[in-house]
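Take a look at the structure set out below.
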Amino acid sequence: MSELLEHLQANLQQVTGYIYPNEIELHWSLLIVIYPYVTGLVAGAFILASLVEVFKVKEVASTYRLALLTALAFLIAAPLPLLAHLGHPERSFQIFLTPHLRSAMAMFGFVYMWYLMLVLLMEIWFEYRADLVRWSNERRGVMKLVYWALSLGSRDLSEKAVRFDRKAVYAITLVGIPSAFLLHGYVGFIFGSIKANPWWSSVLMPIVFLFSAIVSGIALVLLLHYVTTMFRRVKPDMACFNKLASFLMYALIIDLSLETLDFIHRMYESEESIEILAQLVVTKLFISLTIVQLLLGTIVPIVLLAIGRFSRIPEEVKRVVFFIAALLVQVGIFSTRWNVVIGGQLFSKSLRGLTVFKMQLGGIEGLFMGIALLILPFVLLWILIKILPPWDQQEAS
Amino acid sequence: MRLWKIPDQVIRLAVLIVIALAVLIVVRLRFIPDSFGEIGHYRTDALKEQAALTLHYAGMQACIECHDDIGEMKAASYHRNLSCEGCHGPAFKHVDDPGEFSPAVAAGRIMCVRCHGYLASRPTGFPQIIEAIHNPVEPCTACHDPHDPTPPEVPEDCSACHAEIARTKAVSHHWSLSCETCHEASPEHRQSPRSFLPKKPTERAFCGQCHGNGSSSRESAPQIDLNEHGGRYLCWQCHYPHHPEGR
């Protein structure tokens, strides 16, 4: 008890104005920032892959498989911050056993399952099936068995079967695009539907989330493409970089306009919460919103990408410019999530005061855990790339 | 010949999905507790489990059964709304067996300061002290009876009972007005407040005495057009009379 009081006392010193007792400490911390960030990367990477598949964008075709694997790696990691935050990960499977159909939060399990099982895994399976059969024929030992199991024992390499694979991939992609929209739209909905919180409650939330997801996904694939090209020591495919950079720039511009729209809407509507939100934005969120999200995370990258696309600089420099822009976009999108999740809890529901967020270092909700959860998907991706190399195809051709 | 042959891949996936569904069904049969869903989206047995948890708090009603003297005293005091165990800590065991287990008697200063220490986020008017300068070192109970923190005299001033209003008014634009300017209160109100309630202003014209355009009863009062300003509403539907704000 006294420990708790001392802990609260430390936060209380930095509270301004009037807040309710249960608002002194934030309940959704770093992990809940990471969750929408990671899910956003999944949806974004997948939507990029789908656009490539559906609209047959030849320039970026080489990133298709990489984008799929990226989406899978991040999708596997996506629920972990939630599970860690809830404190009883071993009980999570019960959500699926006794589904609660009117709980928006419980629905995540189903949106997730649909997306993982029926969209992503199936698409990857059809995309890789012929290769899996081939690899299991070529390899010896354990890997032979692994590939055999992954191909579900399939042996058929006939032209007809391969053609069916392609058709299946196309069909799944068509289902996949709305599913990806649903996945991240859902995450936005979770926040946007909280009507008691004026910072969150907005019908634009799912859409803004979606577009920032697309932005972050494209940027991530661009980064990974850059890094993998470097490590594989192959000749960089400039057309691909250019196309990715254009996509990124357009997505950023749409994202920025949506955010601006949301902003103008709030300013004009000027509900009773506007004063405390204005205070929030100019004090507690000034750095993470104005400087990091808006300036470093959106405007600077747009300028960099425009320079890279439309000026005549050497190709190596261009790629570095793209790389930096994509990196800044990641930082920017992360702080977007931060501003939503943390920002939404910094002001009192009485609209009369602000509290502070103190991040822990250790512990299950701490900084180190957060870093580990952000590194994990890259480890998963590395393993996936080892098992399902995304490049074989082109090098063969 | 079959018209349409199901491709090999689809069959393999279908088998996998059927297996997954079968596993799901088996797991459901195995893991869903028996009493789940009988009366709601939870286990009925959970109710029994909750009811069987050890009690820590007994509640004020239980304390008053034996400590009726303290109960009465407290009920008439500033602390009437506080629960006994808020200060004395959980005491269910004590209720069970008073001889065996005694609740804590917090005799220092920390416990009171938890509620009365100055904090900007406490409501205006709540009695607060700065611990370091309010009669330091001595335990609070040396001067204040925790069960009746004020001396039982007929108070002179309205602020003795309406402390929060008085303190609020004291820092407002109306600081210079006495309560009686707006409330006609008989002396009996102080002895038996609820039987002799004072009057409250009832109409706009009342505030107009000082704030109406052209009124001269108070020079420093800002003036408004009584006919236009605020429409048909009573002034105190918009301005809290004890802390009026006009800007």
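Following the order of the structure tokens, first chain is A, next is B, and so on, with residues numbered from 1 inside each chain and ligands from 1 in the order they appear.
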### Task
Can you check which residues of chain B have any atom within 7 Å of chain A? Use only C-alpha atoms and format it as a list of chain:residue names.
B:Arg12, B:Arg28, B:Ala120, B:Ser121, B:Arg122
I need the residues from that last selection saved to file as a PDB file, in the first residue's frame (with N, CA, C and O atoms), if you can.
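And here is the file that came out, selection.pdb:
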```
ATOM      1  N   ARG B  12      -5.704 -31.283 -50.401  1.00  0.00           N
ATOM      2  CA  ARG B  12      -4.740 -31.319 -49.294  1.00  0.00           C
ATOM      3  C   ARG B  12      -5.057 -30.245 -48.261  1.00  0.00           C
ATOM      4  O   ARG B  12      -5.052 -30.487 -47.054  1.00  0.00           O
ATOM      5  N   ARG B  28     -12.517 -27.888 -27.568  1.00  0.00           N
ATOM      6  CA  ARG B  28     -13.689 -27.250 -26.952  1.00  0.00           C
ATOM      7  C   ARG B  28     -14.346 -28.193 -25.947  1.00  0.00           C
ATOM      8  O   ARG B  28     -14.658 -27.816 -24.828  1.00  0.00           O
ATOM      9  N   ALA B 120      -2.243  20.211  -5.972  1.00  0.00           N
ATOM     10  CA  ALA B 120      -2.944  21.086  -6.911  1.00  0.00           C
ATOM     11  C   ALA B 120      -4.175  20.408  -7.492  1.00  0.00           C
ATOM     12  O   ALA B 120      -5.154  21.053  -7.828  1.00  0.00           O
ATOM     13  N   SER B 121      -4.123  19.080  -7.605  1.00  0.00           N
ATOM     14  CA  SER B 121      -5.233  18.414  -8.286  1.00  0.00           C
ATOM     15  C   SER B 121      -6.419  18.147  -7.369  1.00  0.00           C
ATOM     16  O   SER B 121      -7.419  17.614  -7.812  1.00  0.00           O
ATOM     17  N   ARG B 122      -6.313  18.488  -6.078  1.00  0.00           N
ATOM     18  CA  ARG B 122      -7.503  18.325  -5.214  1.00  0.00           C
ATOM     19  C   ARG B 122      -8.495  19.447  -5.510  1.00  0.00           C
ATOM     20  O   ARG B 122      -8.100  20.551  -5.892  1.00  0.00           O
TER      21      ARG B 122
END
```
### Message
Could you go through stretch 194-376 of chain A and tell me which residues DSSP, when run on the backbone, assigns to helix (DSSP H, G or I), listing them as number ranges by chain?
### Response
A: 205-232, 238-269, 274-282, 286-310, 315-341, 343-346, 367-376
### Task
Identify which of the residues B:Asp96, B:Asp45, B:Asp145, B:Glu164 lies closest to B:Cys112, counting only C-alpha atoms when measuring atom-to-atom distances.
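Using only C-alpha atoms, B:Cys112 sits closest to B:Asp145.
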Contacts of A:Arg102 at 12 Å (only C-alpha atoms; same-chain gap of 5+ positions) as a CSV table (one decimal) with N, CA and C atoms, in the first residue's frame:
```csv
chain,number,residue,atom,x,y,z
A,107,MET,N,-12.9,-9.7,-30.6
A,107,MET,CA,-13.0,-10.0,-32.1
A,107,MET,C,-11.6,-10.0,-32.7
A,108,PHE,N,-10.6,-9.4,-32.1
A,108,PHE,CA,-9.3,-9.3,-32.7
A,108,PHE,C,-8.8,-10.7,-33.0
B,41,HIS,N,-22.0,-15.1,-20.0
B,41,HIS,CA,-20.8,-15.5,-20.7
B,41,HIS,C,-19.7,-15.7,-19.7
```
### Message
Need the shell around stretch 183-192 of chain B: protein/DNA/RNA residues with any atom at most 10 Å away, counting only C-alpha atoms. Skip same-chain ones fewer than 2 positions apart. Format as a list of chain:residue names?
### Response
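Neighbouring residues, sequence-local ones excluded: B:Glu153, B:Val154, B:Pro155, B:Glu156, B:Asp157, B:Cys158, B:Ala160, B:Cys161, B:Ser178, B:Cys179, B:Glu180, B:Thr181, B:Arg194, B:Ser195, B:Phe196, B:Leu197, B:Pro198, B:Lys199, B:Lys200, B:Pro201.
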